file my_file04.cif (mmCIF, C-alpha atoms)
data_start
#
loop_
_atom_site.label_atom_id
_atom_site.label_comp_id
_atom_site.auth_asym_id
_atom_site.auth_seq_id
_atom_site.Cartn_x
_atom_site.Cartn_y
_atom_site.Cartn_z
CA MET L 1 -3.51 4.55 8.66
CA ILE L 2 -4.94 5.93 5.44
CA CYS L 3 -8.64 6.87 4.68
CA HIS L 4 -5.98 5.83 -0.24
CA PRO L 5 -1.25 4.66 -5.00
CA VAL L 6 0.63 1.42 -4.93
CA PHE L 7 3.76 -0.28 -3.62
CA LEU L 8 5.60 -2.52 -6.10
CA PRO L 9 8.72 -3.77 -7.87
CA GLY L 10 9.95 -1.19 -10.34
CA ASP L 11 11.09 -1.64 -13.93
CA GLU L 12 8.95 -4.61 -14.95
CA LEU L 13 5.71 -3.11 -13.71
CA GLU L 14 6.54 0.35 -15.05
CA HIS L 15 7.16 -1.13 -18.50
CA ALA L 16 3.88 -3.08 -18.36
CA CYS L 17 1.95 0.02 -17.26
CA ASP L 18 3.51 2.08 -20.06
CA GLN L 19 2.51 -0.62 -22.57
CA LEU L 20 -1.04 -0.52 -21.26
CA HIS L 21 -1.09 3.26 -21.47
CA ASP L 22 0.23 3.21 -25.06
CA ALA L 23 -2.39 0.66 -26.12
CA GLU L 24 -5.19 2.69 -24.58
CA ARG L 25 -3.86 5.87 -26.19
CA ARG L 26 -3.75 4.28 -29.64
CA LYS L 27 -7.27 2.99 -29.17
CA ALA L 28 -8.50 6.42 -28.10
CA GLU L 29 -6.76 8.14 -31.02
CA CYS L 30 -8.49 5.80 -33.46
CA ALA L 31 -11.84 6.51 -31.84
CA ALA L 32 -11.14 10.24 -31.87
CA ARG L 33 -10.62 10.20 -35.63
CA GLU L 34 -14.07 8.69 -36.06
CA SER L 35 -15.94 10.95 -33.69
CA SER L 36 -15.11 13.87 -31.47
CA PRO L 37 -14.88 13.06 -27.77
CA THR L 38 -17.77 13.97 -25.55
CA ASP L 39 -18.09 14.49 -21.82
CA SER L 40 -21.02 13.13 -19.89
CA THR L 41 -22.03 13.75 -16.31
CA ASP L 42 -24.35 11.36 -14.54
CA GLY L 43 -24.65 13.32 -11.32
CA VAL L 44 -23.43 13.03 -7.75
CA ALA L 45 -23.17 9.67 -6.01
CA ALA L 46 -20.87 8.71 -3.15
CA ILE L 47 -17.54 9.33 -1.48
CA GLY L 48 -15.56 6.59 0.22
CA GLY L 49 -14.55 7.49 3.72
CA ILE L 50 -17.54 9.60 4.84
CA GLY L 51 -20.17 8.20 7.18
CA ILE L 52 -23.34 9.49 5.52
CA GLU L 53 -25.91 8.26 3.08
CA PRO L 54 -24.89 8.09 -0.60
CA GLN L 55 -27.09 10.94 -1.80
CA GLU L 56 -25.35 13.30 0.62
CA LYS L 57 -21.75 12.28 0.00
CA MET L 58 -19.16 14.57 -1.54
CA GLY L 59 -15.53 14.20 -2.51
CA ARG L 60 -15.77 11.26 -4.90
CA PHE L 61 -18.38 12.23 -7.49
CA GLU L 62 -19.93 9.67 -9.82
CA THR L 63 -19.52 11.11 -13.27
CA GLN L 64 -18.18 9.56 -16.45
CA THR L 65 -15.32 11.51 -18.00
CA GLU L 66 -14.01 10.45 -21.41
CA THR L 67 -10.91 12.07 -22.88
CA ALA L 68 -9.17 11.70 -26.23
CA GLU L 69 -6.13 10.45 -24.32
CA PRO L 70 -7.13 8.35 -21.32
CA LEU L 71 -5.00 8.95 -18.24
CA PHE L 72 -3.73 5.64 -16.92
CA ALA L 73 -1.33 4.99 -14.14
CA LEU L 74 -0.03 3.80 -10.90
CA THR L 75 2.15 4.73 -7.99
CA TYR L 76 3.79 1.91 -6.11
CA SER L 77 6.85 1.02 -4.07
CA ASP L 78 8.89 -2.04 -3.20
CA LYS L 79 11.11 -0.10 -0.81
CA TYR L 80 8.74 2.14 1.06
CA LYS L 81 10.39 4.42 3.61
CA TYR L 82 8.95 2.49 6.55
CA GLY L 83 9.58 -0.96 5.11
CA LYS L 84 7.77 -3.28 2.75
CA LYS L 85 4.03 -3.42 3.29
CA VAL L 86 3.17 -6.25 0.92
CA TRP L 87 1.97 -9.71 1.95
CA PRO L 88 3.54 -12.99 0.79
CA LYS L 89 2.28 -14.20 -2.56
CA GLY L 90 -0.62 -16.63 -2.20
CA LYS L 91 -1.50 -15.31 1.24
CA VAL L 92 -5.07 -15.74 2.52
CA ILE L 93 -5.67 -12.72 4.77
CA LYS L 94 -7.82 -13.54 7.78
CA VAL L 95 -10.65 -11.05 8.40
CA TYR L 96 -12.64 -10.62 11.62
CA PHE L 97 -15.78 -8.50 11.92
CA ILE L 98 -15.78 -6.67 15.24
CA ASP L 99 -19.46 -5.83 15.06
CA SER L 100 -22.30 -6.84 12.79
CA HIS L 101 -23.95 -5.18 9.82
CA PRO L 102 -27.02 -6.43 7.91
CA HIS L 103 -25.00 -6.42 4.69
CA GLN L 104 -21.61 -7.47 6.01
CA ASN L 105 -21.52 -10.53 3.73
CA ALA L 106 -21.11 -8.07 0.85
CA VAL L 107 -17.74 -6.93 2.23
CA LEU L 108 -15.80 -10.07 1.35
CA ASP L 109 -17.89 -10.56 -1.79
CA PHE L 110 -16.70 -7.18 -3.08
CA ALA L 111 -13.15 -7.71 -1.77
CA ALA L 112 -12.99 -10.93 -3.80
CA GLU L 113 -12.82 -8.79 -6.95
CA TRP L 114 -9.20 -8.06 -6.07
CA SER L 115 -8.61 -11.82 -5.69
CA ARG L 116 -9.77 -12.40 -9.26
CA HIS L 117 -6.68 -10.53 -10.44
CA CYS L 118 -3.98 -11.67 -7.98
CA SER L 119 -3.02 -14.51 -5.65
CA ILE L 120 -4.23 -12.86 -2.43
CA GLY L 121 -7.43 -14.19 -0.85
CA PHE L 122 -9.61 -13.12 2.07
CA ALA L 123 -11.34 -15.41 4.57
CA GLU L 124 -13.51 -14.64 7.58
CA VAL L 125 -12.43 -16.06 10.95
CA ASN L 126 -14.44 -16.22 14.16
CA ASP L 127 -11.46 -15.88 16.52
CA ARG L 128 -10.21 -12.32 16.87
CA ARG L 129 -6.79 -13.61 17.97
CA GLU L 130 -6.32 -15.36 14.63
CA SER L 131 -7.26 -12.29 12.56
CA GLU L 132 -4.96 -10.03 10.56
CA VAL L 133 -7.60 -7.51 9.48
CA ARG L 134 -10.37 -6.44 11.87
CA ILE L 135 -13.34 -4.45 10.53
CA SER L 136 -15.87 -2.26 12.31
CA PHE L 137 -18.92 -0.43 10.92
CA ASP L 138 -18.81 2.78 12.96
CA ARG L 139 -20.73 5.53 11.16
CA THR L 140 -19.36 8.19 13.52
CA LEU L 141 -15.86 7.66 12.04
CA PRO L 142 -14.57 7.96 8.46
CA SER L 143 -13.85 4.87 6.41
CA TYR L 144 -10.16 4.02 6.62
CA SER L 145 -7.70 1.15 6.62
CA MET L 146 -4.17 0.37 7.66
CA VAL L 147 -1.87 -0.06 4.66
CA GLY L 148 -0.67 -3.60 3.89
CA THR L 149 1.15 -5.39 6.67
CA ASP L 150 0.88 -2.33 8.92
CA ALA L 151 -2.27 -4.15 10.07
CA LEU L 152 -0.01 -6.63 11.86
CA ARG L 153 1.28 -3.85 14.09
CA VAL L 154 -2.16 -3.16 15.52
CA SER L 155 -3.27 -4.76 18.79
CA LYS L 156 -5.71 -7.65 18.37
CA GLY L 157 -8.17 -5.66 20.43
CA GLU L 158 -8.31 -2.80 17.92
CA ARG L 159 -9.76 -2.36 14.44
CA THR L 160 -7.53 -2.11 11.38
CA MET L 161 -10.36 -0.94 9.09
CA ASN L 162 -13.58 0.98 9.50
CA LEU L 163 -16.38 0.99 6.94
CA ALA L 164 -18.69 3.91 7.59
CA VAL L 165 -20.57 3.24 4.38
CA MET L 166 -21.20 0.03 2.48
CA ASP L 167 -20.96 0.94 -1.20
CA LYS L 168 -18.81 -1.17 -3.51
CA GLY L 169 -16.39 1.65 -4.35
CA THR L 170 -15.54 2.31 -0.72
CA ILE L 171 -15.02 -1.38 0.08
CA LEU L 172 -12.75 -1.91 -2.94
CA HIS L 173 -10.81 1.24 -2.05
CA GLU L 174 -10.20 0.21 1.56
CA PHE L 175 -9.19 -3.33 0.58
CA GLY L 176 -6.80 -1.73 -1.92
CA HIS L 177 -5.11 -0.25 1.13
CA VAL L 178 -5.05 -3.71 2.73
CA LEU L 179 -3.08 -4.88 -0.33
CA GLY L 180 -0.57 -2.07 0.16
CA LEU L 181 -1.94 0.54 -2.25
CA LEU L 182 -1.89 4.28 -1.55
CA HIS L 183 -3.90 7.25 -2.80
CA GLU L 184 -3.42 7.78 -6.52
CA HIS L 185 -4.19 11.51 -6.33
CA GLN L 186 -1.18 11.97 -4.04
CA SER L 187 1.32 10.56 -6.53
CA PRO L 188 4.63 12.48 -6.58
CA ILE L 189 5.70 11.08 -9.95
CA LYS L 190 3.21 11.65 -12.75
CA GLY L 191 -0.23 13.15 -12.64
CA ILE L 192 1.02 15.94 -10.39
CA ILE L 193 -2.09 17.82 -9.27
CA GLN L 194 -1.98 21.55 -8.64
CA TRP L 195 -4.80 22.18 -6.17
CA ASN L 196 -7.01 25.15 -5.62
CA VAL L 197 -6.08 24.95 -1.96
CA ARG L 198 -8.63 27.48 -0.77
CA LYS L 199 -11.51 25.62 -2.41
CA VAL L 200 -10.22 22.24 -1.20
CA LEU L 201 -10.14 23.50 2.36
CA GLU L 202 -13.58 25.09 2.07
CA THR L 203 -15.08 21.91 0.59
CA PHE L 204 -13.68 19.37 3.04
CA GLN L 205 -13.91 21.52 6.16
CA GLY L 206 -17.61 21.93 5.49
CA PRO L 207 -20.47 19.40 5.42
CA PRO L 208 -20.61 16.49 5.18
CA ASN L 209 -16.91 15.91 5.90
CA TYR L 210 -15.95 18.45 8.57
CA TRP L 211 -12.30 17.48 8.20
CA LYS L 212 -9.63 19.43 10.04
CA PRO L 213 -6.95 21.15 7.91
CA ALA L 214 -4.33 18.61 9.03
CA GLN L 215 -6.53 15.74 7.85
CA ILE L 216 -7.16 17.41 4.48
CA LYS L 217 -3.42 17.94 4.10
CA ASN L 218 -2.67 14.31 4.97
CA GLN L 219 -5.38 12.71 2.81
CA ILE L 220 -5.45 15.04 -0.21
CA LEU L 221 -2.93 17.86 -0.52
CA ASP L 222 0.32 16.18 0.51
CA ARG L 223 2.20 14.10 -2.05
CA HIS L 224 3.90 10.85 -1.12
CA GLU L 225 7.62 11.24 -0.65
CA ARG L 226 9.37 10.77 -3.99
CA GLU L 227 12.06 8.50 -2.56
CA SER L 228 9.37 6.26 -1.01
CA VAL L 229 7.52 5.28 -4.18
CA MET L 230 8.02 4.36 -7.81
CA GLY L 231 5.47 4.63 -10.56
CA SER L 232 4.51 5.03 -14.18
CA THR L 233 1.64 7.02 -15.66
CA TYR L 234 -1.19 8.55 -13.68
CA ASP L 235 -4.54 6.72 -13.44
CA MET L 236 -7.54 8.97 -12.92
CA ARG L 237 -9.71 5.83 -13.12
CA SER L 238 -7.98 3.97 -10.29
CA ILE L 239 -10.15 2.80 -7.41
CA MET L 240 -7.48 4.42 -5.23
CA HIS L 241 -8.32 7.90 -6.56
CA TYR L 242 -10.77 10.13 -4.71
CA SER L 243 -13.45 11.91 -6.70
CA PHE L 244 -13.21 15.69 -6.90
CA ALA L 245 -15.24 18.54 -8.30
CA LYS L 246 -13.33 20.08 -11.20
CA GLU L 247 -13.20 23.44 -9.41
CA LEU L 248 -10.83 21.96 -6.80
CA ILE L 249 -8.10 21.25 -9.36
CA LEU L 250 -6.18 23.93 -11.23
CA THR L 251 -4.24 21.57 -13.49
CA ILE L 252 -2.85 18.03 -13.74
CA ASP L 253 0.69 17.83 -15.14
CA GLY L 254 0.21 21.25 -16.68
CA ARG L 255 -2.75 20.14 -18.81
CA PRO L 256 -5.67 22.49 -19.47
CA PRO L 257 -8.22 22.69 -16.62
CA LEU L 258 -10.68 19.83 -16.29
CA THR L 259 -14.02 20.27 -18.02
CA SER L 260 -15.83 17.78 -15.79
CA ASP L 261 -15.55 16.31 -12.31
CA ILE L 262 -13.29 13.37 -11.49
CA PRO L 263 -15.79 10.54 -10.97
CA PHE L 264 -16.56 8.35 -8.01
CA ILE L 265 -15.02 5.01 -9.00
CA GLU L 266 -16.88 1.77 -8.24
CA GLN L 267 -14.74 -0.74 -10.10
CA LEU L 268 -11.09 -1.64 -10.58
CA SER L 269 -9.32 0.05 -13.47
CA PRO L 270 -7.21 -1.99 -15.93
CA THR L 271 -4.11 -0.61 -14.23
CA ASP L 272 -5.38 -1.56 -10.76
CA LYS L 273 -5.70 -5.13 -12.00
CA LEU L 274 -2.30 -5.09 -13.67
CA VAL L 275 -0.56 -3.77 -10.57
CA VAL L 276 -1.86 -6.35 -8.10
CA GLU L 277 -1.10 -9.17 -10.54
CA LYS L 278 2.47 -7.96 -10.94
CA LEU L 279 2.78 -7.46 -7.19
CA TYR L 280 1.28 -10.74 -6.00
CA GLY L 281 1.22 -12.97 -9.06
CA PRO L 282 -1.88 -14.24 -10.87
CA PRO L 283 -4.63 -16.17 -9.07
CA GLY L 284 -3.43 -19.62 -8.10
CA THR L 285 0.12 -18.53 -7.27
CA LYS L 286 1.18 -20.57 -4.26
CA PRO L 287 2.84 -19.00 -1.23
CA PRO L 288 6.48 -19.94 -0.70
CA PRO L 289 6.79 -22.57 2.04
CA PRO L 290 8.29 -21.30 5.27
CA ARG L 291 11.95 -22.08 5.79
CA GLU L 292 12.06 -24.84 8.39
CA GLU L 293 14.71 -24.68 11.08
CA PRO L 294 15.47 -26.96 14.04
CA PRO L 295 14.36 -25.54 17.38
CA PRO L 296 16.89 -23.89 19.70
CA SER L 297 18.90 -26.15 21.99
CA SER L 298 16.79 -28.13 24.44
CA GLY L 299 16.85 -27.87 28.21
CA GLU L 300 15.14 -25.94 30.95
CA GLU L 301 15.76 -22.75 29.02
CA SER L 302 16.90 -21.99 25.52
CA ARG L 303 18.81 -18.76 25.97
CA GLY L 304 18.50 -17.55 22.42
CA LYS L 305 22.20 -17.59 21.53
CA GLN L 306 21.81 -19.10 18.06
CA GLN L 307 21.45 -16.44 15.35
CA TYR L 308 19.12 -16.71 12.37
CA ASP L 309 18.94 -14.42 9.34
CA ILE L 310 15.60 -13.59 7.77
CA THR L 311 14.69 -11.36 4.81
CA ALA L 312 11.67 -9.05 4.52
CA GLY L 313 8.54 -11.05 3.68
CA GLU L 314 10.17 -14.39 4.53
CA GLU L 315 8.66 -16.92 6.95
CA MET L 316 10.55 -19.35 9.15
CA LYS L 317 9.05 -22.33 10.93
CA PHE L 318 10.32 -23.98 14.12
CA THR L 319 8.83 -27.21 15.50
CA PHE L 320 9.39 -28.29 19.08
CA LYS L 321 7.99 -30.82 21.55
CA SER L 322 6.84 -29.75 24.98
CA ASP L 323 8.27 -31.33 28.13
CA PRO L 324 6.69 -34.80 28.48
CA ARG L 325 6.92 -34.80 32.29
CA HIS L 326 5.12 -31.64 33.39
CA ARG L 327 2.51 -29.21 32.34
CA ARG L 328 4.37 -25.94 31.86
CA GLN L 329 3.91 -22.32 30.99
CA TYR L 330 6.09 -21.47 28.00
CA THR L 331 7.44 -18.06 27.07
CA ILE L 332 8.42 -17.86 23.41
CA GLN L 333 10.06 -14.69 22.14
CA THR L 334 12.56 -13.35 19.65
CA VAL L 335 15.73 -11.52 20.64
CA GLY L 336 17.30 -8.81 18.47
CA LYS L 337 16.76 -5.30 17.16
CA GLU L 338 17.33 -5.64 13.40
CA ALA L 339 14.32 -7.51 12.07
CA ASP L 340 10.66 -6.39 12.16
CA LEU L 341 8.94 -9.62 13.18
CA SER L 342 5.64 -11.26 13.95
CA LEU L 343 5.36 -14.49 15.92
CA SER L 344 2.58 -17.12 15.81
CA LEU L 345 2.09 -20.41 17.68
CA TYR L 346 0.15 -23.42 16.35
CA GLY L 347 -0.67 -26.93 17.54
CA PRO L 348 -0.86 -29.43 19.11
CA TYR L 349 -3.37 -31.39 17.02
CA SER L 350 -2.50 -29.88 13.64
CA GLU L 351 -0.05 -27.42 12.13
CA ASP L 352 -2.98 -25.11 11.32
CA GLN L 353 -4.51 -25.04 14.80
CA PHE L 354 -3.97 -21.43 15.89
CA ILE L 355 -3.07 -20.71 19.53
CA ALA L 356 -1.65 -17.20 19.81
CA ALA L 357 0.22 -14.44 17.97
CA ALA L 358 2.28 -11.35 18.78
CA THR L 359 4.20 -8.61 16.95
CA ASP L 360 7.01 -6.28 17.92
CA GLY L 361 4.92 -3.20 17.21
CA GLY L 362 7.25 -2.15 14.42
CA GLU L 363 9.80 -0.88 16.94
CA ASN L 364 12.89 -2.35 18.57
CA GLY L 365 10.83 -4.54 20.86
CA ASN L 366 10.45 -8.27 20.35
CA PRO L 367 7.26 -10.31 19.96
CA ARG L 368 6.52 -12.57 22.92
CA ILE L 369 3.92 -15.27 23.60
CA MET L 370 3.23 -16.68 27.07
CA GLN L 371 1.09 -19.82 26.97
CA ASP L 372 0.34 -22.97 29.00
CA LEU L 373 1.05 -26.03 26.85
CA LEU L 374 0.17 -29.68 27.26
CA PRO L 375 3.04 -32.06 28.09
CA GLY L 376 4.62 -34.18 25.39
CA ARG L 377 2.89 -32.48 22.43
CA THR L 378 4.26 -31.04 19.19
CA TYR L 379 3.92 -27.29 18.58
CA HIS L 380 4.89 -25.07 15.68
CA ILE L 381 6.33 -21.54 15.79
CA LEU L 382 5.97 -19.36 12.69
CA ILE L 383 8.08 -16.19 12.46
CA ARG L 384 7.64 -13.64 9.68
CA ALA L 385 9.63 -10.53 8.83
CA PHE L 386 6.89 -8.29 7.52
CA ALA L 387 8.73 -4.97 7.04
CA LYS L 388 12.47 -5.49 7.25
CA GLY L 389 14.73 -8.45 7.76
CA GLY L 390 17.89 -9.01 9.75
CA ALA L 391 19.39 -11.20 12.43
CA PHE L 392 17.47 -12.54 15.42
CA SER L 393 17.51 -15.32 18.00
CA LEU L 394 14.65 -17.40 19.34
CA ARG L 395 14.27 -17.95 23.07
CA ILE L 396 11.96 -20.56 24.65
CA SER L 397 11.73 -20.64 28.45
CA THR L 398 9.46 -22.66 30.71
CA VAL L 399 7.97 -22.65 34.19
CA ILE L 400 6.32 -25.71 35.78
CA ARG L 401 2.61 -24.99 36.37
CA ARG L 402 1.73 -27.02 39.47
CA PHE L 403 -1.35 -24.87 40.20
CA ALA L 404 -2.40 -23.67 36.79
CA THR L 405 -4.79 -20.75 36.40
CA ALA L 406 -5.30 -21.24 32.69
CA MET L 407 -6.34 -24.18 30.56
CA PRO L 408 -3.35 -25.57 28.62
CA VAL L 409 -3.55 -26.15 24.87
#
call {"tool": "encode", "arguments": {"input": "my_file04.cif", "output": "structure tokens"}}
result
Amino acid sequence: MICHPVFLPGDELEHACDQLHDAERRKAECAARESSPTDSTDGVAAIGGIGIEPQEKMGRFETQTETAEPLFALTYSDKYKYGKKVWPKGKVIKVYFIDSHPHQNAVLDFAAEWSRHCSIGFAEVNDRRESEVRISFDRTLPSYSMVGTDALRVSKGERTMNLAVMDKGTILHEFGHVLGLLHEHQSPIKGIIQWNVRKVLETFQGPPNYWKPAQIKNQILDRHERESVMGSTYDMRSIMHYSFAKELILTIDGRPPLTSDIPFIEQLSPTDKLVVEKLYGPPGTKPPPPREEPPPSSGEESRGKQQYDITAGEEMKFTFKSDPRHRRQYTIQTVGKEADLSLSLYGPYSEDQFIAAATDGGENGNPRIMQDLLPGRTYHILIRAFAKGGAFSLRISTVIRRFATAMPV
């Protein structure tokens, strides 16, 4: 969970980011020859992640800082230490609102700005069981979000995101985490920040944040592990960057001290847009179809002896027909310890009719669904490796339900 740089494929994106940086630098140098750069400060606005009114927020300050050489960048990873956290290209992420807010319609409206630059979409669902992202509006907690497909590890009864405030910058920032992006100011590659640790602790331990030292360390001071991320140049304008008063920073990459605060960002930077397009493809990119496999051997019990291989991010689809003679309770589960899997069940009236879902919790467990099913109907099992792939088996077992306690589907 992060209250947050970016995970992505390496050389191609790094080259594209460097090209963008060079173009911006040339443009700035031309402008600098015509007029000397100026700094402007528009005053304090809001911080994402703090549950207070905008005029009281600190941490991400809304100022406009122009430099002769704009700092552009990104930090991303395709092989993050704990597995890939990116969604399949073309994925529509299903969002459920746990509670209501008078302006909750603005959440997906703002989130759609990411969708204008990549193939990922967001859609509200009314069934919590079908959701992949679950949002609350608890002002007693900070704003935060699970990163990428880590949301799939969270129980359907729990939130994966909290929005303590409803400004555009905070919503874009948290949905950046949903897409797999991390905090830009914690980059271990370029844009290395040397902090005035004493002032950082004083600022964030006090009002309005009241963060504990461990939280400040986790969200601000610590850098991401170098072996976990790749990146190009540093982007002070990224939506994934917190705002900071200049007094909190001693230097960035050995540059002279800042002359103005790092602003509160309320829009995607050019590099933010470039990264998600390279990661997920441009809008309109279609998701790869799931690999269809025949169901395990039929009979009273499929013992899960047949092995399947799946790669990270891949989906596999199994279609089976329930016993035509009896109404039964079915237990569907994977067997194996290599792959990090999620399991979903659909049917019987359409392939998109959601019934149930389960995950392995990101550990060596196995996802399992227990469900009463109608006799003689066609059902579809969708299995996805969302962090790491490997070998697994699929087991389907049944029990005749003569005195059912649940309505079959």
call {"tool": "residues_near_point", "arguments": {"input": "my_file04.cif", "point": "(-1.2, -22.4, 20.8)", "cutoff": "7 Å", "atoms": "all atoms listed in the file", "output": "list in words"}}
result
Leu345, Tyr346, Gly347, Phe354, Ile355, Ala356 and Val409 of chain L
call {"tool": "write_last_selection", "arguments": {"input": "my_file04.cif", "atoms": "C-alpha atoms", "output": "PDB file, in the frame of the given file"}}
result
ATOM      1  CA  LEU L 345       2.090 -20.410  17.680  1.00  0.00           C
ATOM      2  CA  TYR L 346       0.150 -23.420  16.350  1.00  0.00           C
ATOM      3  CA  GLY L 347      -0.670 -26.930  17.540  1.00  0.00           C
ATOM      4  CA  PHE L 354      -3.970 -21.430  15.890  1.00  0.00           C
ATOM      5  CA  ILE L 355      -3.070 -20.710  19.530  1.00  0.00           C
ATOM      6  CA  ALA L 356      -1.650 -17.200  19.810  1.00  0.00           C
ATOM      7  CA  VAL L 409      -3.550 -26.150  24.870  1.00  0.00           C
TER       8      VAL L 409
END
call {"tool": "resolve_selection", "arguments": {"input": "my_file04.cif", "expression": "the PyMOL selection byres ((chain L and resi 366) around 7)", "output": "PyMOL selection string"}}
result
chain L and resi 333-335+360+364-365+367-368
call {"tool": "closest_atom_pairs", "arguments": {"input": "my_file04.cif", "of": "range 177-243 of chain L", "to": "range 165-169 of chain L", "cutoff": "12 Å", "atoms": "only C-alpha atoms", "output": "tab-separated table"}}
result
residue	atom	partner	partner_atom	distance
L:Arg237	CA	L:Gly169	CA	11.8
L:Ser238	CA	L:Gly169	CA	10.6
L:Ile239	CA	L:Gly169	CA	7.0
L:Met240	CA	L:Gly169	CA	9.4
L:His241	CA	L:Gly169	CA	10.4
L:Tyr242	CA	L:Gly169	CA	10.2
L:Ser243	CA	L:Gly169	CA	10.9
call {"tool": "resolve_selection", "arguments": {"input": "my_file04.cif", "expression": "the PyMOL selection byres ((chain L and resi 173) around 8)", "output": "number ranges by chain"}}
result
L: 4, 48, 169-172, 174-177, 239-240
call {"tool": "closest_residue", "arguments": {"input": "my_file04.cif", "among": "L:Ile192, L:Met161, L:Val92, L:Ile369", "to": "Asp253 in chain L", "atoms": "only C-alpha atoms"}}
result
L:Ile192
call {"tool": "atom_distance", "arguments": {"input": "my_file04.cif", "atom1": "CA of Gln186 in chain L", "atom2": "CA of Leu152 in chain L"}}
result
24.5 Å
call {"tool": "resolve_selection", "arguments": {"input": "my_file04.cif", "expression": "the PyMOL selection byres ((chain L and resi 332) around 12)", "output": "PyMOL selection string"}}
result
chain L and resi 295-296+301-304+318+320+329-331+333-335+342-345+356-358+366-373+379-383+393-399
call {"tool": "write_last_selection", "arguments": {"input": "my_file04.cif", "atoms": "C-alpha atoms", "output": "PDB file, in the frame of the given file"}}
result
ATOM      1  CA  PRO L 295      14.360 -25.540  17.380  1.00  0.00           C
ATOM      2  CA  PRO L 296      16.890 -23.890  19.700  1.00  0.00           C
ATOM      3  CA  GLU L 301      15.760 -22.750  29.020  1.00  0.00           C
ATOM      4  CA  SER L 302      16.900 -21.990  25.520  1.00  0.00           C
ATOM      5  CA  ARG L 303      18.810 -18.760  25.970  1.00  0.00           C
ATOM      6  CA  GLY L 304      18.500 -17.550  22.420  1.00  0.00           C
ATOM      7  CA  PHE L 318      10.320 -23.980  14.120  1.00  0.00           C
ATOM      8  CA  PHE L 320       9.390 -28.290  19.080  1.00  0.00           C
ATOM      9  CA  GLN L 329       3.910 -22.320  30.990  1.00  0.00           C
ATOM     10  CA  TYR L 330       6.090 -21.470  28.000  1.00  0.00           C
ATOM     11  CA  THR L 331       7.440 -18.060  27.070  1.00  0.00           C
ATOM     12  CA  GLN L 333      10.060 -14.690  22.140  1.00  0.00           C
ATOM     13  CA  THR L 334      12.560 -13.350  19.650  1.00  0.00           C
ATOM     14  CA  VAL L 335      15.730 -11.520  20.640  1.00  0.00           C
ATOM     15  CA  SER L 342       5.640 -11.260  13.950  1.00  0.00           C
ATOM     16  CA  LEU L 343       5.360 -14.490  15.920  1.00  0.00           C
ATOM     17  CA  SER L 344       2.580 -17.120  15.810  1.00  0.00           C
ATOM     18  CA  LEU L 345       2.090 -20.410  17.680  1.00  0.00           C
ATOM     19  CA  ALA L 356      -1.650 -17.200  19.810  1.00  0.00           C
ATOM     20  CA  ALA L 357       0.220 -14.440  17.970  1.00  0.00           C
ATOM     21  CA  ALA L 358       2.280 -11.350  18.780  1.00  0.00           C
ATOM     22  CA  ASN L 366      10.450  -8.270  20.350  1.00  0.00           C
ATOM     23  CA  PRO L 367       7.260 -10.310  19.960  1.00  0.00           C
ATOM     24  CA  ARG L 368       6.520 -12.570  22.920  1.00  0.00           C
ATOM     25  CA  ILE L 369       3.920 -15.270  23.600  1.00  0.00           C
ATOM     26  CA  MET L 370       3.230 -16.680  27.070  1.00  0.00           C
ATOM     27  CA  GLN L 371       1.090 -19.820  26.970  1.00  0.00           C
ATOM     28  CA  ASP L 372       0.340 -22.970  29.000  1.00  0.00           C
ATOM     29  CA  LEU L 373       1.050 -26.030  26.850  1.00  0.00           C
ATOM     30  CA  TYR L 379       3.920 -27.290  18.580  1.00  0.00           C
ATOM     31  CA  HIS L 380       4.890 -25.070  15.680  1.00  0.00           C
ATOM     32  CA  ILE L 381       6.330 -21.540  15.790  1.00  0.00           C
ATOM     33  CA  LEU L 382       5.970 -19.360  12.690  1.00  0.00           C
ATOM     34  CA  ILE L 383       8.080 -16.190  12.460  1.00  0.00           C
ATOM     35  CA  SER L 393      17.510 -15.320  18.000  1.00  0.00           C
ATOM     36  CA  LEU L 394      14.650 -17.400  19.340  1.00  0.00           C
ATOM     37  CA  ARG L 395      14.270 -17.950  23.070  1.00  0.00           C
ATOM     38  CA  ILE L 396      11.960 -20.560  24.650  1.00  0.00           C
ATOM     39  CA  SER L 397      11.730 -20.640  28.450  1.00  0.00           C
ATOM     40  CA  THR L 398       9.460 -22.660  30.710  1.00  0.00           C
ATOM     41  CA  VAL L 399       7.970 -22.650  34.190  1.00  0.00           C
TER      42      VAL L 399
END
call {"tool": "residues_around", "arguments": {"input": "my_file04.cif", "residues": "Ala123 in chain L", "least_positions_apart": "5", "cutoff": "10 Å", "atoms": "all atoms listed in the file", "output": "PyMOL selection string"}}
result
chain L and resi 92-96+108+112+131
call {"tool": "closest_residue", "arguments": {"input": "my_file04.cif", "among": "L:Glu338, L:Asp222, L:Glu113, L:Asp323", "to": "Thr311 in chain L", "atoms": "all atoms listed in the file"}}
result
L:Glu338
call {"tool": "closest_residue", "arguments": {"input": "my_file04.cif", "among": "L:Glu314, L:Asp309, L:Asp340, L:Asp109", "to": "Pro288 in chain L", "atoms": "all atoms listed in the file"}}
result
L:Glu314
call {"tool": "atom_distance", "arguments": {"input": "my_file04.cif", "atom1": "CA of Phe204 in chain L", "atom2": "CA of Ile249 in chain L"}}
result
13.7 Å
